[in-house]
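> Pasting in a structure now, in structure tokens, and then I'll have a few things to ask.
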Amino acid sequence: MSASRKGAEAPPRPDASSGPRAVLTVDLGKIASNYRLLEAKLSGARMGCVVKADAYGLGLSAVAPALAACGCRDFFVAGAEEGMALRRLLGDARIYVLNGPSADSLPEFARYDLIPVMNDLGQIEAVAEFARANWALPVAIHIDTGMSRLGLPPDEVDVLAAAPGRLAGMTLACVISHLACADEPGNPKNAEQLQAFNAARARLPKSMASMANSSGVFLGPQYHLDLVRAGGALYGLQPMQSGPNPLAQVLRLEAPILQVRDVDSPMTVGYGAGFRVAKRGRIATVPVGYADGYLRSLGNRGSAYLGGIRIPVVGRVSMDLITLDVSDVPAALAHPGALVELVGDTHSVDDLADEAGTIGHDILTGFGPRIVRRYLGGSGNAGGA
Ligand SMILES: *Cc1c(COP(=O)(O)O)cnc(C)c1O
């Protein structure tokens, strides 16, 4: 199909024309509508977007400009290298680096205009030393209010509150904290954390405050403060543990059938003879496996769809392949080349995550580099139609 196959000088293109491959279609227009749905829930607070881990596996270079086009100016990433990649895409965004700086990475923070989120007194001291020798940096502080993961614990907040000079040379842009149970609106831990956060930040120099992740947006306005940090909900993940998902599904994962075979009892399918065929039927083999992020725990548990009919994963997930029971699908539909829906409108990322025994974030960030990314909507520089 591709003329480039003949030309020795043409580099191989990461395109479906290079053979039967799984394709992940990301609808940037749906991400934008999720952004607007979340923004409409805020009164006064600003929308901040979390684009760590390559925008949750969906592709930073396509997703970040689409969010900027929605009006977003505040972005959160995990590490400095992610911040540098984002700065190359967005000239005027505020980029917060959640994991904070190491002393030797501070010149990169300055050069790429990244805002370090300082998580302990040691990081604060390193930034202060850098600010003395160089120039004033905008900074953020993370306060641990019950997550016990990142941020200043209460005794370090005490030290800082008693000696605000430790922040000399810095402009405190934002104080943040993170909720442990935001997807459970009835959990009393939410209000405890909010109260602890409000008490702690009242003792620090005045700045913006941020506490809500995607789920926190749905906990009510007292959690929104000045800036929210929405990640998963932008990408269509269910923000609350129960109830309907108000967000649009933004992606579809499809893969072509490589081969269809007839099977009958007492045959077995896959490694470890992990599935025993009980009656006459047909098995379709599809090129996606655990190396692509189709989790091994989906063996004998996952579902895909073909022609609107559920086709269960049978046998173990291999590194590069899965086997699906297509016995219920008319033979005219289940043939080599036919596209199977692994994630889509009938089967959301959260549905697949439930089958795998994990959460949607884990599925999204796991999609591997062999899966071709296609984009719908957006500004055009993202590729796709
Ligand atoms: C990842 C992360 C978020 C975004 O969380 P979602 O649940 O995906 O919205 C917000 N804040 C911090 C500190 C994070 O690490």
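Following the order of the structure tokens, first chain is A, next is B, and so on, with residues numbered from 1 inside each chain and ligands from 1 in the order they appear.
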Could you make a table, as CSV, of the residues of segment 4-101 of chain A that have an atom within 10 Å of an atom of segment 212-215 of chain A, each with its nearest atom pair and distance in Å to one decimal, counting only C-alpha atoms, in chain and number order?

residue,atom,partner,partner_atom,distance
A:Leu38,CA,A:Ser214,CA,8.3
A:Gly48,CA,A:Asn213,CA,9.2
A:Cys49,CA,A:Asn213,CA,9.2
A:Val50,CA,A:Asn213,CA,8.7
> Write the residues you've just listed into a file as a tab-separated table (two decimals), in the first residue's frame, and include N, CA and C atoms for each of them.

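Below is the file that was written, part.tsv:
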chain	number	residue	atom	x	y	z
A	38	LEU	N	-15.79	20.28	33.06
A	38	LEU	CA	-15.17	20.48	34.38
A	38	LEU	C	-15.11	21.96	34.72
A	48	GLY	N	-6.67	23.77	36.03
A	48	GLY	CA	-5.32	23.32	35.74
A	48	GLY	C	-5.41	21.90	35.20
A	49	CYS	N	-4.52	21.57	34.28
A	49	CYS	CA	-4.58	20.26	33.64
A	49	CYS	C	-3.33	19.45	33.96
A	50	VAL	N	-3.52	18.20	34.30
A	50	VAL	CA	-2.41	17.31	34.61
A	50	VAL	C	-2.09	16.50	33.36
> Throw together the list of residues within 9 Å of ligand 1, counting only C-alpha atoms and all ligand atoms, and drop it here as a tab-separated table (two decimals) with N, CA, C and O atoms, in the first residue's frame.

chain	number	residue	atom	x	y	z
A	49	CYS	N	-4.52	21.57	34.28
A	49	CYS	CA	-4.58	20.26	33.64
A	49	CYS	C	-3.33	19.45	33.96
A	49	CYS	O	-2.21	19.96	33.88
A	50	VAL	N	-3.52	18.20	34.30
A	50	VAL	CA	-2.41	17.31	34.61
A	50	VAL	C	-2.09	16.50	33.36
A	50	VAL	O	-2.96	15.80	32.82
A	51	VAL	N	-0.86	16.65	32.88
A	51	VAL	CA	-0.45	16.00	31.63
A	51	VAL	C	0.81	15.16	31.83
A	51	VAL	O	1.57	14.93	30.89
A	52	LYS	N	1.00	14.70	33.07
A	52	LYS	CA	2.16	13.84	33.36
A	52	LYS	C	2.04	12.54	32.55
A	52	LYS	O	0.94	12.21	32.05
A	56	TYR	N	-1.10	11.08	30.23
A	56	TYR	CA	-1.75	9.81	30.59
A	56	TYR	C	-1.69	8.80	29.44
A	56	TYR	O	-2.63	8.03	29.21
A	76	PHE	N	0.39	20.62	34.99
A	76	PHE	CA	1.15	19.86	35.99
A	76	PHE	C	1.77	18.64	35.33
A	76	PHE	O	1.08	17.90	34.61
A	77	VAL	N	3.07	18.44	35.60
A	77	VAL	CA	3.76	17.24	35.15
A	77	VAL	C	4.45	16.62	36.36
A	77	VAL	O	4.52	17.25	37.42
A	78	ALA	N	4.96	15.40	36.22
A	78	ALA	CA	5.61	14.76	37.36
A	78	ALA	C	7.08	15.17	37.45
A	78	ALA	O	7.54	15.63	38.50
A	98	LEU	N	5.62	18.38	39.77
A	98	LEU	CA	5.13	17.87	41.05
A	98	LEU	C	6.22	17.19	41.89
A	98	LEU	O	6.20	17.25	43.11
A	99	ASN	N	7.13	16.48	41.24
A	99	ASN	CA	8.13	15.74	42.02
A	99	ASN	C	9.22	16.65	42.58
A	99	ASN	O	10.04	16.19	43.38
A	142	HIS	N	4.21	21.83	48.38
A	142	HIS	CA	3.22	20.77	48.60
A	142	HIS	C	3.20	20.45	50.10
A	142	HIS	O	4.23	20.19	50.70
A	150	LEU	N	3.88	12.61	49.33
A	150	LEU	CA	4.75	13.73	48.99
A	150	LEU	C	4.30	14.94	49.80
A	150	LEU	O	3.13	15.03	50.17
A	176	ILE	N	-0.02	23.61	47.45
A	176	ILE	CA	-0.92	22.52	47.04
A	176	ILE	C	-0.96	21.42	48.11
A	176	ILE	O	-0.08	21.30	48.96
A	177	SER	N	-2.03	20.64	48.05
A	177	SER	CA	-2.10	19.40	48.80
A	177	SER	C	-2.90	18.41	47.96
A	177	SER	O	-3.49	18.79	46.93
A	178	HIS	N	-2.90	17.14	48.36
A	178	HIS	CA	-3.52	16.12	47.52
A	178	HIS	C	-4.45	15.25	48.36
A	178	HIS	O	-4.07	14.82	49.46
A	179	LEU	N	-5.66	15.01	47.83
A	179	LEU	CA	-6.68	14.24	48.56
A	179	LEU	C	-6.48	12.74	48.35
A	179	LEU	O	-6.25	12.28	47.22
A	182	ALA	N	-10.72	11.29	47.34
A	182	ALA	CA	-11.63	12.24	46.71
A	182	ALA	C	-12.73	11.55	45.89
A	182	ALA	O	-13.78	12.15	45.63
A	183	ASP	N	-12.51	10.31	45.48
A	183	ASP	CA	-13.54	9.62	44.69
A	183	ASP	C	-14.64	9.01	45.57
A	183	ASP	O	-15.55	8.37	45.08
A	210	SER	N	-4.28	25.02	45.86
A	210	SER	CA	-4.82	24.00	44.96
A	210	SER	C	-4.89	22.67	45.69
A	210	SER	O	-3.91	22.23	46.30
A	211	MET	N	-6.06	22.04	45.63
A	211	MET	CA	-6.22	20.75	46.31
A	211	MET	C	-6.90	19.68	45.46
A	211	MET	O	-6.63	18.50	45.61
A	212	ALA	N	-7.80	20.09	44.57
A	212	ALA	CA	-8.68	19.12	43.91
A	212	ALA	C	-8.03	18.48	42.68
A	212	ALA	O	-7.59	19.18	41.78
A	213	ASN	N	-8.01	17.16	42.65
A	213	ASN	CA	-7.77	16.44	41.40
A	213	ASN	C	-9.12	16.30	40.70
A	213	ASN	O	-10.10	16.97	41.07
A	214	SER	N	-9.23	15.44	39.69
A	214	SER	CA	-10.51	15.30	38.97
A	214	SER	C	-11.66	15.04	39.92
A	214	SER	O	-12.71	15.70	39.85
A	215	SER	N	-11.49	14.08	40.82
A	215	SER	CA	-12.57	13.72	41.73
A	215	SER	C	-12.90	14.88	42.65
A	215	SER	O	-14.07	15.12	42.97
A	216	GLY	N	-11.87	15.62	43.08
A	216	GLY	CA	-12.08	16.75	43.96
A	216	GLY	C	-12.97	17.82	43.35
A	216	GLY	O	-13.68	18.52	44.07
A	217	VAL	N	-12.96	17.94	42.02
A	217	VAL	CA	-13.84	18.91	41.35
A	217	VAL	C	-15.30	18.59	41.67
A	217	VAL	O	-16.12	19.49	41.77
A	228	VAL	N	-7.63	24.05	40.21
A	228	VAL	CA	-7.80	22.60	40.33
A	228	VAL	C	-6.77	21.90	39.44
A	228	VAL	O	-6.14	22.52	38.57
A	229	ARG	N	-6.60	20.61	39.68
A	229	ARG	CA	-5.61	19.83	38.94
A	229	ARG	C	-6.30	18.59	38.39
A	229	ARG	O	-6.27	17.52	38.98
A	230	ALA	N	-6.93	18.75	37.25
A	230	ALA	CA	-7.70	17.65	36.67
A	230	ALA	C	-6.84	16.84	35.72
A	230	ALA	O	-6.16	17.39	34.85
A	231	GLY	N	-6.86	15.53	35.90
A	231	GLY	CA	-6.16	14.63	34.99
A	231	GLY	C	-7.14	13.67	34.35
A	231	GLY	O	-7.72	13.93	33.30
A	232	GLY	N	-7.37	12.55	35.03
A	232	GLY	CA	-8.16	11.47	34.46
A	232	GLY	C	-9.50	11.86	33.85
A	232	GLY	O	-9.89	11.32	32.81
A	233	ALA	N	-10.20	12.80	34.48
A	233	ALA	CA	-11.52	13.17	33.96
A	233	ALA	C	-11.44	13.80	32.58
A	233	ALA	O	-12.33	13.62	31.75
A	234	LEU	N	-10.35	14.53	32.32
A	234	LEU	CA	-10.17	15.10	30.98
A	234	LEU	C	-10.14	13.99	29.94
A	234	LEU	O	-10.58	14.16	28.80
A	235	TYR	N	-9.59	12.86	30.36
A	235	TYR	CA	-9.39	11.75	29.41
A	235	TYR	C	-10.52	10.74	29.50
A	235	TYR	O	-10.40	9.63	28.99
A	237	LEU	N	-12.05	9.35	32.24
A	237	LEU	CA	-12.16	8.37	33.31
A	237	LEU	C	-13.24	8.79	34.31
A	237	LEU	O	-13.42	9.97	34.59
A	239	PRO	N	-14.86	9.86	37.47
A	239	PRO	CA	-14.22	10.53	38.60
A	239	PRO	C	-14.65	10.00	39.97
A	239	PRO	O	-13.90	10.13	40.93
A	361	HIS	N	-6.61	4.75	35.05
A	361	HIS	CA	-5.31	5.42	34.90
A	361	HIS	C	-4.22	4.41	34.50
A	361	HIS	O	-3.34	4.71	33.70
> When DSSP is applied to the backbone of this structure, which of segment 161-356 of chain A are assigned strand (DSSP E or B)? Write them out as a VMD selection string.
chain A and resid 170 to 176 208 to 210 227 to 230 251 to 256 259 to 263 268 to 269 275 to 276 281 to 286 303 to 306 309 to 313 322 to 325 339 to 343
> Put those residues in a file: N, CA and C atoms, as a compact mmCIF listing (two decimals), in the first residue's frame.

# COMPACT_ATOMS: atom_id res chain seq x y z
N MET A 170 12.36 33.69 46.51
CA MET A 170 11.38 32.92 45.73
C MET A 170 10.06 33.68 45.70
N THR A 171 9.32 33.48 44.63
CA THR A 171 7.95 33.98 44.56
C THR A 171 7.04 32.78 44.74
N LEU A 172 6.28 32.77 45.86
CA LEU A 172 5.42 31.61 46.13
C LEU A 172 4.16 31.73 45.27
N ALA A 173 4.10 30.90 44.22
CA ALA A 173 2.98 30.97 43.28
C ALA A 173 1.78 30.19 43.80
N CYS A 174 2.03 29.09 44.49
CA CYS A 174 0.91 28.22 44.83
C CYS A 174 1.30 27.27 45.97
N VAL A 175 0.34 26.98 46.83
CA VAL A 175 0.51 25.94 47.83
C VAL A 175 -0.48 24.85 47.50
N ILE A 176 -0.02 23.61 47.45
CA ILE A 176 -0.92 22.52 47.04
C ILE A 176 -0.96 21.42 48.11
N MET A 208 -1.73 31.42 45.87
CA MET A 208 -2.85 30.60 45.40
C MET A 208 -2.81 29.25 46.11
N ALA A 209 -3.98 28.57 46.13
CA ALA A 209 -4.05 27.25 46.76
C ALA A 209 -4.73 26.28 45.81
N SER A 210 -4.28 25.02 45.86
CA SER A 210 -4.82 24.00 44.96
C SER A 210 -4.89 22.67 45.69
N LEU A 227 -7.21 26.90 42.17
CA LEU A 227 -6.75 26.19 40.98
C LEU A 227 -7.01 24.70 41.18
N VAL A 228 -7.63 24.05 40.21
CA VAL A 228 -7.80 22.60 40.33
C VAL A 228 -6.77 21.90 39.44
N ARG A 229 -6.60 20.61 39.68
CA ARG A 229 -5.61 19.83 38.94
C ARG A 229 -6.30 18.59 38.39
N ALA A 230 -6.93 18.75 37.25
CA ALA A 230 -7.70 17.65 36.67
C ALA A 230 -6.84 16.84 35.72
N LEU A 251 -11.51 7.87 23.70
CA LEU A 251 -10.68 7.01 22.85
C LEU A 251 -11.31 5.70 22.45
N ARG A 252 -10.71 5.18 21.40
CA ARG A 252 -11.12 3.90 20.84
C ARG A 252 -9.83 3.13 20.56
N LEU A 253 -9.79 1.89 21.02
CA LEU A 253 -8.65 1.03 20.70
C LEU A 253 -9.16 -0.12 19.87
N GLU A 254 -8.65 -0.22 18.65
CA GLU A 254 -9.09 -1.27 17.72
C GLU A 254 -7.88 -2.03 17.22
N ALA A 255 -8.10 -3.30 16.91
CA ALA A 255 -7.02 -4.09 16.32
C ALA A 255 -7.63 -5.07 15.33
N PRO A 256 -6.90 -5.35 14.26
CA PRO A 256 -7.42 -6.26 13.24
C PRO A 256 -7.23 -7.72 13.62
N GLN A 259 -6.02 -13.95 12.35
CA GLN A 259 -6.32 -15.32 11.95
C GLN A 259 -7.58 -15.77 12.70
N VAL A 260 -8.38 -16.61 12.04
CA VAL A 260 -9.54 -17.22 12.70
C VAL A 260 -9.41 -18.73 12.55
N ARG A 261 -9.66 -19.47 13.63
CA ARG A 261 -9.57 -20.93 13.53
C ARG A 261 -10.78 -21.59 14.16
N ASP A 262 -11.12 -22.77 13.63
CA ASP A 262 -12.19 -23.58 14.21
C ASP A 262 -11.59 -24.39 15.35
N VAL A 263 -12.32 -24.48 16.43
CA VAL A 263 -11.86 -25.29 17.57
C VAL A 263 -13.02 -26.16 18.06
N THR A 268 -7.25 -27.02 23.53
CA THR A 268 -6.98 -25.94 24.50
C THR A 268 -6.43 -24.74 23.74
N VAL A 269 -6.47 -23.56 24.38
CA VAL A 269 -6.02 -22.32 23.75
C VAL A 269 -4.93 -21.68 24.60
N PHE A 275 -7.11 -22.22 28.50
CA PHE A 275 -8.56 -22.29 28.23
C PHE A 275 -8.87 -23.62 27.56
N ARG A 276 -9.87 -24.33 28.11
CA ARG A 276 -10.30 -25.62 27.55
C ARG A 276 -11.55 -25.41 26.73
N GLY A 281 -16.50 -24.18 18.04
CA GLY A 281 -16.55 -22.72 18.00
C GLY A 281 -15.39 -22.17 17.18
N ARG A 282 -15.20 -20.85 17.26
CA ARG A 282 -14.13 -20.20 16.50
C ARG A 282 -13.36 -19.23 17.40
N ILE A 283 -12.05 -19.20 17.18
CA ILE A 283 -11.15 -18.33 17.94
C ILE A 283 -10.48 -17.37 16.97
N ALA A 284 -10.50 -16.08 17.32
CA ALA A 284 -9.80 -15.06 16.52
C ALA A 284 -8.56 -14.59 17.29
N THR A 285 -7.46 -14.45 16.56
CA THR A 285 -6.20 -13.99 17.15
C THR A 285 -5.95 -12.55 16.72
N VAL A 286 -5.59 -11.69 17.69
CA VAL A 286 -5.50 -10.23 17.47
C VAL A 286 -4.15 -9.74 17.99
N SER A 303 -13.00 -8.43 27.82
CA SER A 303 -13.99 -8.47 26.75
C SER A 303 -13.58 -7.53 25.63
N ALA A 304 -13.90 -7.94 24.40
CA ALA A 304 -13.81 -7.05 23.25
C ALA A 304 -15.16 -7.14 22.55
N TYR A 305 -15.34 -6.33 21.50
CA TYR A 305 -16.61 -6.32 20.78
C TYR A 305 -16.38 -6.37 19.28
N LEU A 306 -17.25 -7.09 18.61
CA LEU A 306 -17.20 -7.17 17.14
C LEU A 306 -18.64 -7.17 16.66
N ILE A 309 -21.23 -7.39 19.27
CA ILE A 309 -21.36 -8.63 20.04
C ILE A 309 -20.13 -8.80 20.93
N ARG A 310 -20.35 -9.18 22.19
CA ARG A 310 -19.23 -9.36 23.11
C ARG A 310 -18.43 -10.59 22.72
N ILE A 311 -17.12 -10.42 22.63
CA ILE A 311 -16.24 -11.55 22.34
C ILE A 311 -15.20 -11.64 23.47
N PRO A 312 -15.33 -12.63 24.33
CA PRO A 312 -14.45 -12.69 25.50
C PRO A 312 -13.03 -13.14 25.16
N VAL A 313 -12.08 -12.62 25.92
CA VAL A 313 -10.71 -13.12 25.85
C VAL A 313 -10.72 -14.54 26.40
N ILE A 322 -3.61 -11.72 21.68
CA ILE A 322 -4.67 -12.28 22.50
C ILE A 322 -5.55 -13.16 21.61
N THR A 323 -6.31 -14.04 22.24
CA THR A 323 -7.23 -14.91 21.53
C THR A 323 -8.64 -14.63 22.05
N LEU A 324 -9.57 -14.45 21.12
CA LEU A 324 -10.94 -14.05 21.45
C LEU A 324 -11.91 -15.10 20.92
N ASP A 325 -12.94 -15.38 21.70
CA ASP A 325 -13.96 -16.35 21.27
C ASP A 325 -14.99 -15.63 20.41
N LEU A 339 -11.88 -5.38 12.12
CA LEU A 339 -11.42 -4.63 13.29
C LEU A 339 -12.25 -4.97 14.52
N VAL A 340 -11.55 -5.36 15.56
CA VAL A 340 -12.17 -5.68 16.84
C VAL A 340 -12.05 -4.45 17.74
N GLU A 341 -13.11 -4.12 18.46
CA GLU A 341 -13.06 -2.98 19.39
C GLU A 341 -12.64 -3.48 20.77
N LEU A 342 -11.46 -3.02 21.21
CA LEU A 342 -10.97 -3.42 22.53
C LEU A 342 -11.38 -2.40 23.60
N VAL A 343 -11.41 -1.13 23.20
CA VAL A 343 -11.93 -0.06 24.05
C VAL A 343 -12.72 0.86 23.14
> Identify which of the residues A:Gly236, A:Gly83, A:Pro287, A:Pro205 lies closest to Asp27 of chain A, counting only C-alpha atoms when measuring atom-to-atom distances.
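Smallest separation from Asp27 of chain A among the options: A:Gly236.
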> Measure the distance from atom CA of Gly57 of chain A to atom CA of Pro101 of chain A in Å and round it to one decimal.
23.3 Å
> Using only C-alpha atoms, which protein or nucleic acid residues come within 12 Å of Ala68 of chain A? Drop anything in the same chain fewer than 2 positions from it, and give the result as an NGL selection string.
:A and (28 or 31-32 or 35 or 47-49 or 51 or 60-66 or 70-75 or 86 or 89-94 or 378-379)
> Give me the residues near Ile363 of chain A as a PyMOL selection string, where near means some atom within 10 Å (using only C-alpha atoms) and where sequence neighbours in that chain fewer than 6 positions away do not count.
chain A and resi 56-57+293-295+349-350+352-353+356
> For the residues in that selection, give me N, CA, C and O atoms as a PDB file, in the first residue's frame.

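Final output, out_3.pdb:
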ATOM      1  N   TYR A  56      -1.105  11.075  30.228  1.00  0.00           N
ATOM      2  CA  TYR A  56      -1.752   9.810  30.594  1.00  0.00           C
ATOM      3  C   TYR A  56      -1.694   8.799  29.440  1.00  0.00           C
ATOM      4  O   TYR A  56      -2.628   8.027  29.209  1.00  0.00           O
ATOM      5  N   GLY A  57      -0.575   8.826  28.716  1.00  0.00           N
ATOM      6  CA  GLY A  57      -0.381   7.845  27.652  1.00  0.00           C
ATOM      7  C   GLY A  57      -1.015   8.218  26.329  1.00  0.00           C
ATOM      8  O   GLY A  57      -0.865   7.489  25.354  1.00  0.00           O
ATOM      9  N   GLY A 293       0.485  -3.187  26.818  1.00  0.00           N
ATOM     10  CA  GLY A 293      -0.328  -2.677  27.909  1.00  0.00           C
ATOM     11  C   GLY A 293      -1.693  -3.326  28.009  1.00  0.00           C
ATOM     12  O   GLY A 293      -2.523  -2.879  28.803  1.00  0.00           O
ATOM     13  N   TYR A 294      -1.918  -4.371  27.203  1.00  0.00           N
ATOM     14  CA  TYR A 294      -3.147  -5.153  27.389  1.00  0.00           C
ATOM     15  C   TYR A 294      -2.825  -6.146  28.504  1.00  0.00           C
ATOM     16  O   TYR A 294      -2.198  -7.171  28.289  1.00  0.00           O
ATOM     17  N   LEU A 295      -3.247  -5.796  29.714  1.00  0.00           N
ATOM     18  CA  LEU A 295      -2.705  -6.419  30.921  1.00  0.00           C
ATOM     19  C   LEU A 295      -2.934  -7.928  30.950  1.00  0.00           C
ATOM     20  O   LEU A 295      -3.971  -8.441  30.535  1.00  0.00           O
ATOM     21  N   VAL A 349     -12.674   2.475  28.950  1.00  0.00           N
ATOM     22  CA  VAL A 349     -11.411   2.200  29.635  1.00  0.00           C
ATOM     23  C   VAL A 349     -11.697   1.698  31.055  1.00  0.00           C
ATOM     24  O   VAL A 349     -11.051   0.765  31.538  1.00  0.00           O
ATOM     25  N   ASP A 350     -12.673   2.329  31.714  1.00  0.00           N
ATOM     26  CA  ASP A 350     -13.004   1.898  33.081  1.00  0.00           C
ATOM     27  C   ASP A 350     -13.562   0.474  33.092  1.00  0.00           C
ATOM     28  O   ASP A 350     -13.298  -0.290  34.025  1.00  0.00           O
ATOM     29  N   LEU A 352     -12.769  -1.931  30.987  1.00  0.00           N
ATOM     30  CA  LEU A 352     -11.622  -2.826  30.800  1.00  0.00           C
ATOM     31  C   LEU A 352     -10.799  -2.899  32.091  1.00  0.00           C
ATOM     32  O   LEU A 352     -10.327  -3.972  32.481  1.00  0.00           O
ATOM     33  N   ALA A 353     -10.660  -1.750  32.762  1.00  0.00           N
ATOM     34  CA  ALA A 353      -9.909  -1.714  34.025  1.00  0.00           C
ATOM     35  C   ALA A 353     -10.585  -2.604  35.069  1.00  0.00           C
ATOM     36  O   ALA A 353      -9.908  -3.338  35.798  1.00  0.00           O
ATOM     37  N   ALA A 356      -9.725  -6.056  34.443  1.00  0.00           N
ATOM     38  CA  ALA A 356      -8.314  -6.343  34.722  1.00  0.00           C
ATOM     39  C   ALA A 356      -7.997  -6.254  36.212  1.00  0.00           C
ATOM     40  O   ALA A 356      -6.882  -6.566  36.622  1.00  0.00           O
TER      41      ALA A 356
END
> Just the residues within 7 Å of Met319 of chain A, please, counting only C-alpha atoms, with nothing from its chain fewer than 6 positions along; format it as a list in words.
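The residues satisfying every condition are Gly289, Tyr290 and Ala291 of chain A.
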> Leaving out Gly151 of chain A and any residue of its chain fewer than 2 positions from it, which residues lie within 12 Å of it when counting only C-alpha atoms, given as a VMD selection string?
chain A and resid 98 to 100 117 to 124 140 to 149 153 to 157 175 to 178 197
> Can I get the selection written as a compact mmCIF listing (two decimals), in the first residue's frame, with N, CA, C and O atoms?

# COMPACT_ATOMS: atom_id res chain seq x y z
N LEU A 98 5.62 18.38 39.77
CA LEU A 98 5.13 17.87 41.05
C LEU A 98 6.22 17.19 41.89
O LEU A 98 6.20 17.25 43.11
N ASN A 99 7.13 16.48 41.24
CA ASN A 99 8.13 15.74 42.02
C ASN A 99 9.22 16.65 42.58
O ASN A 99 10.04 16.19 43.38
N GLY A 100 9.22 17.90 42.14
CA GLY A 100 10.17 18.85 42.70
C GLY A 100 11.54 18.74 42.07
O GLY A 100 11.78 17.89 41.20
N VAL A 117 7.67 22.24 42.46
CA VAL A 117 6.81 22.02 43.62
C VAL A 117 7.70 21.41 44.70
O VAL A 117 8.16 20.27 44.57
N MET A 118 7.97 22.19 45.73
CA MET A 118 8.93 21.76 46.75
C MET A 118 8.21 20.91 47.78
O MET A 118 7.16 21.29 48.31
N ASN A 119 8.79 19.75 48.06
CA ASN A 119 8.08 18.75 48.86
C ASN A 119 8.66 18.54 50.25
O ASN A 119 8.08 17.79 51.04
N ASP A 120 9.80 19.14 50.54
CA ASP A 120 10.36 19.04 51.89
C ASP A 120 11.33 20.20 52.11
O ASP A 120 11.63 20.97 51.18
N LEU A 121 11.80 20.33 53.35
CA LEU A 121 12.68 21.45 53.68
C LEU A 121 13.99 21.36 52.91
O LEU A 121 14.60 22.38 52.59
N GLY A 122 14.42 20.16 52.59
CA GLY A 122 15.65 19.99 51.82
C GLY A 122 15.53 20.61 50.43
O GLY A 122 16.42 21.31 49.96
N GLN A 123 14.41 20.35 49.77
CA GLN A 123 14.19 20.95 48.45
C GLN A 123 14.08 22.47 48.58
O GLN A 123 14.59 23.21 47.74
N ILE A 124 13.44 22.93 49.64
CA ILE A 124 13.31 24.38 49.83
C ILE A 124 14.70 25.00 50.00
O ILE A 124 15.00 26.05 49.41
N ALA A 140 6.26 26.48 44.08
CA ALA A 140 5.06 26.01 44.78
C ALA A 140 5.52 25.12 45.93
O ALA A 140 6.65 24.62 45.93
N ILE A 141 4.65 24.96 46.92
CA ILE A 141 4.94 24.10 48.07
C ILE A 141 3.82 23.07 48.17
O ILE A 141 2.64 23.42 48.06
N HIS A 142 4.21 21.83 48.38
CA HIS A 142 3.22 20.77 48.60
C HIS A 142 3.20 20.45 50.10
O HIS A 142 4.23 20.19 50.70
N ILE A 143 2.00 20.50 50.67
CA ILE A 143 1.82 20.17 52.08
C ILE A 143 1.11 18.83 52.19
O ILE A 143 0.05 18.62 51.56
N ASP A 144 1.68 17.92 52.95
CA ASP A 144 1.05 16.62 53.15
C ASP A 144 -0.02 16.74 54.22
O ASP A 144 0.27 17.04 55.38
N THR A 145 -1.28 16.50 53.84
CA THR A 145 -2.38 16.59 54.81
C THR A 145 -3.02 15.23 55.08
O THR A 145 -4.15 15.15 55.57
N GLY A 146 -2.32 14.14 54.72
CA GLY A 146 -2.90 12.84 55.05
C GLY A 146 -2.67 11.77 54.01
O GLY A 146 -3.12 10.64 54.17
N MET A 147 -1.97 12.12 52.94
CA MET A 147 -1.67 11.15 51.90
C MET A 147 -0.39 10.37 52.27
O MET A 147 -0.21 9.24 51.84
N SER A 148 0.48 11.01 53.04
CA SER A 148 1.76 10.39 53.45
C SER A 148 2.54 9.89 52.25
O SER A 148 3.03 8.75 52.22
N ARG A 149 2.66 10.76 51.25
CA ARG A 149 3.34 10.34 50.02
C ARG A 149 4.35 11.41 49.62
O ARG A 149 5.53 11.15 49.56
N PRO A 153 5.53 17.32 55.79
CA PRO A 153 4.73 16.83 56.92
C PRO A 153 4.51 17.96 57.92
O PRO A 153 5.19 18.99 57.85
N PRO A 154 3.58 17.79 58.88
CA PRO A 154 3.22 18.89 59.79
C PRO A 154 4.41 19.52 60.50
O PRO A 154 4.46 20.74 60.64
N ASP A 155 5.38 18.72 60.93
CA ASP A 155 6.50 19.33 61.68
C ASP A 155 7.34 20.23 60.78
O ASP A 155 7.88 21.24 61.22
N GLU A 156 7.44 19.91 59.49
CA GLU A 156 8.19 20.78 58.58
C GLU A 156 7.39 22.05 58.25
O GLU A 156 7.97 23.11 58.02
N VAL A 157 6.05 21.93 58.24
CA VAL A 157 5.22 23.13 58.07
C VAL A 157 5.48 24.07 59.26
O VAL A 157 5.62 25.29 59.08
N VAL A 175 0.34 26.98 46.83
CA VAL A 175 0.51 25.94 47.83
C VAL A 175 -0.48 24.85 47.50
O VAL A 175 -1.66 25.13 47.24
N ILE A 176 -0.02 23.61 47.45
CA ILE A 176 -0.92 22.52 47.04
C ILE A 176 -0.96 21.42 48.11
O ILE A 176 -0.08 21.30 48.96
N SER A 177 -2.03 20.64 48.05
CA SER A 177 -2.10 19.40 48.80
C SER A 177 -2.90 18.41 47.96
O SER A 177 -3.49 18.79 46.93
N HIS A 178 -2.90 17.14 48.36
CA HIS A 178 -3.52 16.12 47.52
C HIS A 178 -4.45 15.25 48.36
O HIS A 178 -4.07 14.82 49.46
N PHE A 197 -5.41 21.52 55.48
CA PHE A 197 -4.76 22.32 54.44
C PHE A 197 -5.02 23.80 54.66
O PHE A 197 -4.10 24.63 54.61
> Would you mind writing down, as number ranges by chain, each residue of segment 142-246 of chain A that DSSP on the backbone assigns to alpha helix (DSSP H)?
A: 154-162, 188-201, 214-217
> Neighbours of Ala338 of chain A within 6 Å (only C-alpha atoms; same-chain residues fewer than 2 positions away dropped), as a VMD selection string?
chain A and resid 256 to 257 335 to 336
> Write out the residues from the selection above, keeping N, CA and C atoms, as a short mmCIF file (atom, residue, chain, number, x, y, z; two decimals), in the first residue's frame.

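Final output, out33.cif:
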data_model
loop_
_atom_site.label_atom_id
_atom_site.label_comp_id
_atom_site.auth_asym_id
_atom_site.auth_seq_id
_atom_site.Cartn_x
_atom_site.Cartn_y
_atom_site.Cartn_z
N PRO A 256 -6.90 -5.35 14.26
CA PRO A 256 -7.42 -6.26 13.24
C PRO A 256 -7.23 -7.72 13.62
N ILE A 257 -8.16 -8.55 13.20
CA ILE A 257 -7.99 -10.00 13.38
C ILE A 257 -6.88 -10.47 12.44
N HIS A 335 -13.47 -12.15 10.34
CA HIS A 335 -12.52 -12.64 9.34
C HIS A 335 -11.21 -11.88 9.49
N PRO A 336 -10.11 -12.42 8.95
CA PRO A 336 -8.84 -11.70 9.04
C PRO A 336 -8.98 -10.30 8.47
#
